[in-house]
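Contents: one structure, followed by commentary.
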Amino acid sequence: MTLHTSQTIMRKSLHHELVERLQTLIINSELKPGAKVPEKELCDRFGVSRTPLREALKVLASDGLVRLEPNRGAWVTQVTEEEVQDVFPVLGALEALSGELACKHITDTEIEEVRSMHAQMIESYESRDLGAYFSINQKIHRAILLAARNGTLRTSCQALSLRMQRARYLANMTDGRWYDAVQEHEKILEYLVARDGKNLAITLLQHMDAKRASVVKWIRTQ
């Protein structure tokens with residue numbers, strides 16, 4: 001496996017930064033499902049010792065992103081159809097609730113921020129920049145979640161969302177699903193601006209179910 005050039009971490013919060021960097025490598029499949037985590041290469045890449053790297057891998061193991069094997073190291077977990085079928089309906093229900101609550105609490109300023117992110121997302125879609133599209137897409141969902149003003153909901157939704165981010169990223173690879181997802185986001189923005197919690201909740205639920213179906217289809221083709 002060939003990893004990119006040095007990206008030494010300079011921030012004070014080494015543990016938090018390492019966890020985020022490793023999550024990104026797994027989500028965008030630079031560290032592929034089923035592959036052994038190359039600890040030495042990652043230590044060289046980020047300029048860290050094995051101790052903080054292994055502590056970060058323990059966090060990823062608790063999130064279900066890697067599997068730790070005694071004396072054998074860490075392995076990137078596979079996304080299974082069973083897990084997708086279990087998690088997505090729950091995640092969809094949580095996102096629907098976040099949309100309903102967000103319409104009650106979101107400010108005009110926050111709506112404008114989402115509108116701006118949506119415009120950026122459309123630009124990335126038109127330029128076929130999947131990485132940028134996915135990143136902005138996640139920011140929009142997170143903005144709605146934060147606008148719900150419910151800490152318990154936020155924690156639960158973020159934990160499940162992290163487990164499914166790899167699958168959601170890969171499922172956006174097909175042009176047909178990507179187009180549909182953009183149309184769904186147009187509706188999400190429309191109902192958020194109108195503060196129509198009922199229809200936003202329904203749209204978010206349908207959005208997640210469509211994502212579940214596309215992920216399952218992708219898994220079955222592998």
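Numbering starts fresh at 1 for the residues of each chain in the structure tokens, the chains themselves are lettered A, B, ... in the order given, and ligands are numbered from 1 as they appear.
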* Would you return as a PyMOL selection string the members of chain A that DSSP assigns to alpha helix (DSSP H) on this structure's backbone? => chain A and resi 14-27+39-46+50-62+81-105+108-126+130-147+151-171+175-193+197-221
How close does each residue of segment 89-192 of chain A get to segment 59-78 of chain A, giving the shortest atom pair and distance in Å to one decimal for every residue with an atom at most 12 Å away, counting only C-alpha atoms, sorted by chain and residue number, as a Markdown table?
```
| residue | atom | partner | partner_atom | distance |
| --- | --- | --- | --- | --- |
| A:Gln158 | CA | A:Asp63 | CA | 10.7 |
| A:Ala159 | CA | A:Asp63 | CA | 7.4 |
| A:Leu160 | CA | A:Asp63 | CA | 8.7 |
| A:Ser161 | CA | A:Asp63 | CA | 10.3 |
| A:Leu162 | CA | A:Asp63 | CA | 7.6 |
| A:Arg163 | CA | A:Gly64 | CA | 6.5 |
| A:Met164 | CA | A:Leu65 | CA | 9.5 |
| A:Gln165 | CA | A:Leu65 | CA | 10.1 |
| A:Arg166 | CA | A:Leu65 | CA | 9.2 |
| A:Ala167 | CA | A:Gln78 | CA | 9.8 |
```
* Asked: Nearest to Thr152 of chain A among A:Leu189, A:Leu94, A:Ala102, A:Ile122, with distances taken over only C-alpha atoms: which residue is it?
  -> A:Leu94
* To do: Find the residues around Leu101 of chain A up to 12 Å (only C-alpha atoms counted), leave out those fewer than 4 positions away in its own chain, and share them as a list of chain:residue names.
  =>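 So the residues in contact are A:Leu94, A:Glu95, A:Ala96, A:Leu97, A:His105, A:Ile106, A:Ile144, A:Leu145, A:Leu146, A:Ala147, A:Ala148, A:Arg149, A:Asn150, A:Gly151, A:Leu153, A:Arg154, A:Leu192, A:Arg195, A:Asp196, A:Gly197, A:Lys198, A:Asn199, A:Leu200, A:Ala201.
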If you keep N, CA, C and O atoms, can you produce a file of those selected residues as a short mmCIF file (atom, residue, chain, number, x, y, z; two decimals), in the first residue's frame?
```cif
data_model
loop_
_atom_site.label_atom_id
_atom_site.label_comp_id
_atom_site.auth_asym_id
_atom_site.auth_seq_id
_atom_site.Cartn_x
_atom_site.Cartn_y
_atom_site.Cartn_z
N LEU A 94 -33.67 9.05 13.57
CA LEU A 94 -33.00 10.11 14.33
C LEU A 94 -32.84 11.37 13.48
O LEU A 94 -33.03 12.49 13.97
N GLU A 95 -32.49 11.20 12.22
CA GLU A 95 -32.35 12.37 11.34
C GLU A 95 -33.71 13.05 11.12
O GLU A 95 -33.80 14.27 11.05
N ALA A 96 -34.76 12.24 11.00
CA ALA A 96 -36.10 12.80 10.84
C ALA A 96 -36.47 13.64 12.06
O ALA A 96 -37.01 14.75 11.94
N LEU A 97 -36.18 13.12 13.24
CA LEU A 97 -36.46 13.87 14.47
C LEU A 97 -35.63 15.14 14.53
O LEU A 97 -36.13 16.20 14.94
N HIS A 105 -36.30 25.40 16.16
CA HIS A 105 -35.27 26.16 16.86
C HIS A 105 -34.27 26.90 15.97
O HIS A 105 -33.56 27.77 16.47
N ILE A 106 -34.20 26.57 14.70
CA ILE A 106 -33.15 27.12 13.86
C ILE A 106 -33.33 28.64 13.68
O ILE A 106 -34.46 29.14 13.59
N ILE A 144 -28.14 20.75 10.59
CA ILE A 144 -29.53 20.49 10.96
C ILE A 144 -29.59 19.81 12.31
O ILE A 144 -30.43 20.15 13.16
N LEU A 145 -28.69 18.88 12.53
CA LEU A 145 -28.65 18.17 13.81
C LEU A 145 -28.35 19.13 14.96
O LEU A 145 -28.99 19.08 16.01
N LEU A 146 -27.41 20.04 14.76
CA LEU A 146 -27.07 21.00 15.80
C LEU A 146 -28.23 21.97 16.06
O LEU A 146 -28.47 22.38 17.20
N ALA A 147 -28.94 22.31 15.00
CA ALA A 147 -30.07 23.23 15.13
C ALA A 147 -31.23 22.62 15.92
O ALA A 147 -32.10 23.33 16.41
N ALA A 148 -31.22 21.30 16.06
CA ALA A 148 -32.27 20.63 16.83
C ALA A 148 -32.17 20.95 18.32
O ALA A 148 -33.15 20.80 19.05
N ARG A 149 -30.98 21.39 18.77
CA ARG A 149 -30.76 21.79 20.16
C ARG A 149 -31.09 20.66 21.15
O ARG A 149 -31.73 20.85 22.17
N ASN A 150 -30.62 19.45 20.80
CA ASN A 150 -30.86 18.30 21.68
C ASN A 150 -29.59 17.48 21.77
O ASN A 150 -29.22 16.79 20.82
N GLY A 151 -28.92 17.54 22.92
CA GLY A 151 -27.63 16.88 23.09
C GLY A 151 -27.70 15.38 22.98
O GLY A 151 -26.81 14.74 22.40
N LEU A 153 -29.90 13.55 21.32
CA LEU A 153 -30.13 13.22 19.92
C LEU A 153 -28.84 13.37 19.12
O LEU A 153 -28.50 12.52 18.29
N ARG A 154 -28.11 14.45 19.38
CA ARG A 154 -26.87 14.70 18.65
C ARG A 154 -25.86 13.58 18.87
O ARG A 154 -25.27 13.06 17.92
N LEU A 192 -36.65 23.22 5.16
CA LEU A 192 -35.96 23.85 6.28
C LEU A 192 -36.20 25.36 6.25
O LEU A 192 -36.50 25.97 7.29
N ARG A 195 -39.41 26.16 7.44
CA ARG A 195 -39.59 25.65 8.81
C ARG A 195 -40.79 24.68 8.88
O ARG A 195 -41.58 24.69 9.82
N ASP A 196 -40.86 23.84 7.86
CA ASP A 196 -41.91 22.83 7.77
C ASP A 196 -41.36 21.52 8.34
O ASP A 196 -40.84 20.67 7.61
N GLY A 197 -41.46 21.38 9.65
CA GLY A 197 -40.86 20.24 10.33
C GLY A 197 -41.42 18.90 9.90
O GLY A 197 -40.68 17.92 9.77
N LYS A 198 -42.72 18.84 9.67
CA LYS A 198 -43.36 17.57 9.30
C LYS A 198 -42.81 17.05 7.97
O LYS A 198 -42.39 15.88 7.87
N ASN A 199 -42.80 17.90 6.96
CA ASN A 199 -42.32 17.47 5.65
C ASN A 199 -40.81 17.29 5.61
O ASN A 199 -40.30 16.44 4.86
N LEU A 200 -40.09 18.08 6.40
CA LEU A 200 -38.63 17.88 6.46
C LEU A 200 -38.32 16.53 7.07
O LEU A 200 -37.44 15.80 6.58
N ALA A 201 -39.04 16.16 8.12
CA ALA A 201 -38.83 14.86 8.76
C ALA A 201 -39.09 13.73 7.78
O ALA A 201 -38.30 12.77 7.67
#
```
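Put simply, atom CA of Ala194 of chain A is 26.8 Å away from atom CA of Arg212 of chain A.
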* Atom-to-atom span, atom CA of Lys58 of chain A and atom CA of Arg220 of chain A, Å ->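 Computed distance, atom CA of Lys58 of chain A to atom CA of Arg220 of chain A, equals 29.4 Å.
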* Which is closest to Trp218 of chain A among A:Val79, A:Val48, A:Ala35, A:Leu18, if we use only C-alpha atoms? -> A:Val79
* Can you list, as a list in words, every protein, DNA or RNA residue that comes within 9 Å of Val193 of chain A when you count only C-alpha atoms, leaving out same-chain residues fewer than 5 positions away? -> Cys103, Asp108, Ile111, Glu112, Arg115 and Ile188 of chain A
* Asked: With only C-alpha atoms as the atoms that count, which of A:Leu31, A:Val19, A:Leu204, A:Met117 lies nearest to Phe134 of chain A?
  ->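 Counting only C-alpha atoms, the residue closest to Phe134 of chain A is A:Met117.
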* Grab the atom CA of Lys187 of chain A to atom CA of Gln85 of chain A distance for me, in Å with one decimal place. =>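 Atom CA of Lys187 of chain A sits 24.6 Å away from atom CA of Gln85 of chain A.
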* To do: Could you give me the residues within segment 60-149 of chain A that DSSP places in strand (DSSP E), as a PyMOL selection string?
  => chain A and resi 66-69+73-76
* Could you check which of A:His15, A:Arg177, A:Lys139, A:Lys36 is closest to Ser214 of chain A, using only C-alpha atoms? =>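 Of A:His15, A:Arg177, A:Lys139, A:Lys36, the one nearest Ser214 of chain A, counting only C-alpha atoms, is A:Arg177.
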